[in-house]
file query_31.cif (mmCIF, C-alpha atoms)
data_upload
#
loop_
_atom_site.label_atom_id
_atom_site.label_comp_id
_atom_site.auth_asym_id
_atom_site.auth_seq_id
_atom_site.Cartn_x
_atom_site.Cartn_y
_atom_site.Cartn_z
CA MET A 1 -2.70 12.38 -6.50
CA LEU A 2 -6.35 12.26 -7.50
CA THR A 3 -7.88 12.12 -4.03
CA GLN A 4 -7.21 11.09 -0.45
CA ASN A 5 -9.36 9.55 2.27
CA TYR A 6 -12.07 8.34 -0.09
CA HIS A 7 -14.99 7.04 2.00
CA CYS A 8 -17.96 4.96 0.94
CA ARG A 9 -20.30 2.63 2.81
CA LEU A 10 -18.04 -0.33 1.89
CA GLY A 11 -14.76 1.05 3.20
CA GLU A 12 -12.10 3.70 2.90
CA ILE A 13 -9.13 4.25 0.60
CA ASP A 14 -6.22 6.34 1.87
CA LEU A 15 -4.87 7.58 -1.47
CA ILE A 16 -5.98 7.35 -5.08
CA MET A 17 -3.27 8.17 -7.60
CA GLN A 18 -2.57 7.77 -11.28
CA SER A 19 0.60 6.02 -12.45
CA ALA A 20 2.76 7.06 -15.38
CA ASP A 21 0.99 4.45 -17.54
CA ASN A 22 -2.43 5.94 -16.53
CA ALA A 23 -3.40 3.08 -14.21
CA LEU A 24 -5.43 4.01 -11.14
CA VAL A 25 -3.40 3.21 -8.03
CA PHE A 26 -5.29 2.72 -4.77
CA VAL A 27 -2.90 2.99 -1.83
CA GLU A 28 -3.41 1.70 1.70
CA VAL A 29 -0.99 3.45 4.08
CA ARG A 30 -0.06 1.80 7.39
CA TYR A 31 2.15 3.33 10.09
CA ARG A 32 3.68 1.51 13.03
CA GLU A 33 5.90 3.17 15.61
CA GLU A 34 7.28 -0.25 16.58
CA ASP A 35 7.00 -3.66 14.97
CA HIS A 36 6.93 -5.89 18.07
CA HIS A 37 3.63 -7.36 16.83
CA GLY A 38 4.52 -7.43 13.15
CA ASP A 39 5.41 -5.15 10.29
CA ALA A 40 2.95 -2.40 9.32
CA ILE A 41 2.28 -4.13 6.01
CA GLU A 42 1.36 -7.36 7.78
CA THR A 43 -1.64 -5.59 9.33
CA VAL A 44 -3.36 -5.66 5.95
CA ASP A 45 -4.91 -9.06 6.59
CA ASN A 46 -7.52 -10.91 4.50
CA LYS A 47 -10.40 -9.00 6.09
CA LYS A 48 -8.77 -5.63 5.33
CA GLN A 49 -7.98 -6.78 1.78
CA ARG A 50 -11.65 -7.65 1.19
CA LYS A 51 -12.74 -4.22 2.46
CA LEU A 52 -10.19 -2.52 0.23
CA LYS A 53 -11.34 -4.48 -2.82
CA ARG A 54 -14.97 -3.56 -2.16
CA ALA A 55 -14.12 0.14 -1.75
CA VAL A 56 -12.01 0.07 -4.93
CA LEU A 57 -14.84 -1.56 -6.89
CA HIS A 58 -17.24 1.09 -5.56
CA TYR A 59 -14.89 3.86 -6.68
CA LEU A 60 -14.41 2.28 -10.11
CA GLN A 61 -18.14 1.85 -10.64
CA HIS A 62 -18.91 5.46 -9.71
CA HIS A 63 -15.85 7.42 -10.83
CA ALA A 64 -13.91 5.57 -13.54
CA ASP A 65 -14.14 4.47 -17.12
CA ALA A 66 -15.07 0.81 -17.60
CA THR A 67 -11.70 0.16 -19.24
CA ALA A 68 -9.65 1.62 -16.37
CA ILE A 69 -6.66 -0.40 -15.25
CA ALA A 70 -6.31 -0.45 -11.48
CA ARG A 71 -4.08 -1.88 -8.79
CA ILE A 72 -3.95 -1.80 -5.00
CA ASP A 73 -0.63 -0.98 -3.33
CA VAL A 74 0.29 -1.04 0.34
CA VAL A 75 2.79 1.32 1.96
CA GLY A 76 4.18 0.53 5.40
CA ILE A 77 5.94 3.30 7.32
CA LYS A 78 8.05 3.06 10.46
CA PRO A 79 10.78 5.18 12.06
CA ALA A 80 14.25 4.43 10.71
CA PRO A 81 16.68 2.70 13.08
CA ALA A 82 19.06 5.14 14.75
CA ARG A 83 22.08 3.63 12.98
CA MET A 84 20.75 4.44 9.49
CA PRO A 85 21.30 7.80 7.80
CA HIS A 86 18.18 9.93 7.48
CA ASP A 87 18.88 11.14 3.98
CA LYS A 88 15.96 11.88 1.71
CA GLY A 89 15.71 9.26 -1.00
CA THR A 90 18.32 6.77 0.26
CA GLN A 91 17.23 3.39 -1.05
CA HIS A 92 18.01 -0.14 0.05
CA LYS A 93 16.56 -3.58 -0.44
CA GLU A 94 15.83 -6.18 2.19
CA PRO A 95 13.61 -9.26 2.20
CA LEU A 96 10.02 -8.96 3.33
CA HIS A 97 9.66 -10.98 6.53
CA SER A 98 6.05 -12.01 6.20
CA ASN A 99 4.07 -15.18 6.71
CA ARG A 100 1.29 -13.90 4.45
CA SER A 101 1.76 -16.41 1.64
CA GLN A 102 -1.68 -15.62 0.19
CA GLN A 103 -0.26 -12.50 -1.43
CA ASN A 104 1.49 -12.48 -4.78
CA LEU A 105 3.84 -9.57 -4.22
CA THR A 106 5.04 -8.22 -7.56
CA ALA A 107 7.44 -5.56 -6.32
CA LEU A 108 9.02 -4.40 -3.10
CA SER A 109 10.83 -1.14 -2.63
CA ASP A 110 12.24 0.18 0.62
CA ALA A 111 13.39 3.76 0.94
CA LEU A 112 14.55 6.05 3.72
CA PHE A 113 12.71 9.34 3.76
CA ARG A 114 12.95 12.01 6.44
CA GLY A 115 13.85 9.57 9.18
CA HIS A 116 11.34 6.89 8.23
CA VAL A 117 11.54 3.61 6.37
CA LEU A 118 8.90 3.35 3.65
CA ARG A 119 8.11 -0.12 2.33
CA TRP A 120 5.97 0.07 -0.82
CA ILE A 121 4.44 -3.10 -2.24
CA ILE A 122 3.02 -2.80 -5.73
CA SER A 123 -0.07 -4.90 -6.47
CA ALA A 124 -0.13 -6.12 -2.89
CA VAL A 125 -3.80 -7.11 -3.06
CA GLU A 126 -4.61 -9.53 -5.84
CA ASP A 127 -8.06 -10.14 -7.32
CA ASP A 128 -8.69 -13.71 -6.15
CA ASP A 129 -12.37 -13.63 -5.18
#
call {"tool": "encode", "arguments": {"input": "query_31.cif", "output": "structure tokens"}}
result
Amino acid sequence: MLTQNYHCRLGEIDLIMQSADNALVFVEVRYREEDHHGDAIETVDNKKQRKLKRAVLHYLQHHADATAIARIDVVGIKPAPARMPHDKGTQHKEPLHSNRSQQNLTALSDALFRGHVLRWIISAVEDDD
């Protein structure tokens, strides 16, 4: 991890990491205790995506090489259902139930970790401005 809770006048980025292929990975983390009003990932609406993009551009302009490759990921976290084992690293796949068709989701990985379901979407926010 390079940094966490990066703040600028345009927004905030929860985590900034570097991938194995040296890309900068900007991660928005969302937690929901219950999903009665939608999945945690679904809370990253168009307005939040615009704010994230602006904050990422600010970071890149002030802290990165002009040739840096970057992506924005979203991680949704919720407590695991009681019927699921709480083993560290148990992985499973399930479809993303989302009506957010504006996103071009390139990868989806769900994992159980310490009693929570983590849903990680790679390149969840596309550059479409």
call {"tool": "resolve_selection", "arguments": {"input": "query_31.cif", "expression": "the PyMOL selection byres ((chain A and resi 69) around 7)", "output": "ChimeraX atom specification"}}
result
/A:23-24,67-68,70
call {"tool": "closest_residue", "arguments": {"input": "query_31.cif", "among": "A:Gln4, A:Asp35, A:Arg50, A:Ala64", "to": "Asn22 in chain A", "atoms": "only C-alpha atoms"}}
result
A:Ala64
call {"tool": "atom_distance", "arguments": {"input": "query_31.cif", "atom1": "CA of Ile77 in chain A", "atom2": "CA of His63 in chain A"}}
result
28.7 Å
call {"tool": "residues_around", "arguments": {"input": "query_31.cif", "residues": "Val25 in chain A", "least_positions_apart": "4", "cutoff": "9 Å", "atoms": "only C-alpha atoms", "output": "PyMOL selection string"}}
result
chain A and resi 15-19+69-73+123
call {"tool": "atom_distance", "arguments": {"input": "query_31.cif", "atom1": "CA of Ala66 in chain A", "atom2": "CA of Val125 in chain A"}}
result
20.0 Å
call {"tool": "closest_residue", "arguments": {"input": "query_31.cif", "among": "A:His116, A:Ala40, A:Asp45, A:Tyr31", "to": "Pro81 in chain A", "atoms": "only C-alpha atoms"}}
result
A:His116
call {"tool": "resolve_selection", "arguments": {"input": "query_31.cif", "expression": "the PyMOL selection byres ((chain A and resi 55) around 9)", "output": "PDB file with C-alpha atoms, in the coordinates of the input"}}
result
ATOM      1  CA  TYR A   6     -12.070   8.340  -0.090  1.00  0.00           C
ATOM      2  CA  HIS A   7     -14.990   7.040   2.000  1.00  0.00           C
ATOM      3  CA  CYS A   8     -17.960   4.960   0.940  1.00  0.00           C
ATOM      4  CA  ARG A   9     -20.300   2.630   2.810  1.00  0.00           C
ATOM      5  CA  LEU A  10     -18.040  -0.330   1.890  1.00  0.00           C
ATOM      6  CA  GLY A  11     -14.760   1.050   3.200  1.00  0.00           C
ATOM      7  CA  GLU A  12     -12.100   3.700   2.900  1.00  0.00           C
ATOM      8  CA  ILE A  13      -9.130   4.250   0.600  1.00  0.00           C
ATOM      9  CA  ARG A  50     -11.650  -7.650   1.190  1.00  0.00           C
ATOM     10  CA  LYS A  51     -12.740  -4.220   2.460  1.00  0.00           C
ATOM     11  CA  LEU A  52     -10.190  -2.520   0.230  1.00  0.00           C
ATOM     12  CA  LYS A  53     -11.340  -4.480  -2.820  1.00  0.00           C
ATOM     13  CA  ARG A  54     -14.970  -3.560  -2.160  1.00  0.00           C
ATOM     14  CA  VAL A  56     -12.010   0.070  -4.930  1.00  0.00           C
ATOM     15  CA  LEU A  57     -14.840  -1.560  -6.890  1.00  0.00           C
ATOM     16  CA  HIS A  58     -17.240   1.090  -5.560  1.00  0.00           C
ATOM     17  CA  TYR A  59     -14.890   3.860  -6.680  1.00  0.00           C
ATOM     18  CA  LEU A  60     -14.410   2.280 -10.110  1.00  0.00           C
TER      19      LEU A  60
END
call {"tool": "resolve_selection", "arguments": {"input": "query_31.cif", "expression": "the PyMOL selection byres ((chain A and resi 33) around 6)", "output": "list in words"}}
result
Arg32, Glu34 and Lys78 of chain A
call {"tool": "write_last_selection", "arguments": {"input": "query_31.cif", "atoms": "C-alpha atoms", "output": "compact mmCIF listing (two decimals), in the coordinates of the input"}}
result
# COMPACT_ATOMS: atom_id res chain seq x y z
CA ARG A 32 3.68 1.51 13.03
CA GLU A 34 7.28 -0.25 16.58
CA LYS A 78 8.05 3.06 10.46
call {"tool": "axis_aligned_box", "arguments": {"input": "query_31.cif", "around": "range 59-70 of chain A", "padding_each_side": "5 Å", "output": "AutoDock Vina command-line options"}}
result
--center_x -12.6 --center_y 3.5 --center_z -13.0 --size_x 22.6 --size_y 17.9 --size_z 22.6
call {"tool": "closest_residue", "arguments": {"input": "query_31.cif", "among": "A:Gln49, A:Trp120, A:Leu112, A:His62", "to": "Val29 in chain A", "atoms": "all atoms listed in the file"}}
result
A:Trp120
call {"tool": "closest_residue", "arguments": {"input": "query_31.cif", "among": "A:Val75, A:Val27, A:Asp21, A:Phe113", "to": "Thr3 in chain A", "atoms": "only C-alpha atoms"}}
result
A:Val27
call {"tool": "atom_distance", "arguments": {"input": "query_31.cif", "atom1": "CA of His36 in chain A", "atom2": "CA of Asp110 in chain A"}}
result
19.2 Å
call {"tool": "closest_residue", "arguments": {"input": "query_31.cif", "among": "A:Ile41, A:Ala20, A:Ile122, A:Val74", "to": "Met1 in chain A", "atoms": "all atoms listed in the file"}}
result
A:Ala20
call {"tool": "closest_residue", "arguments": {"input": "query_31.cif", "among": "A:Gly76, A:Asn5, A:Ala124, A:Ala82", "to": "Arg30 in chain A", "atoms": "all atoms listed in the file"}}
result
A:Gly76
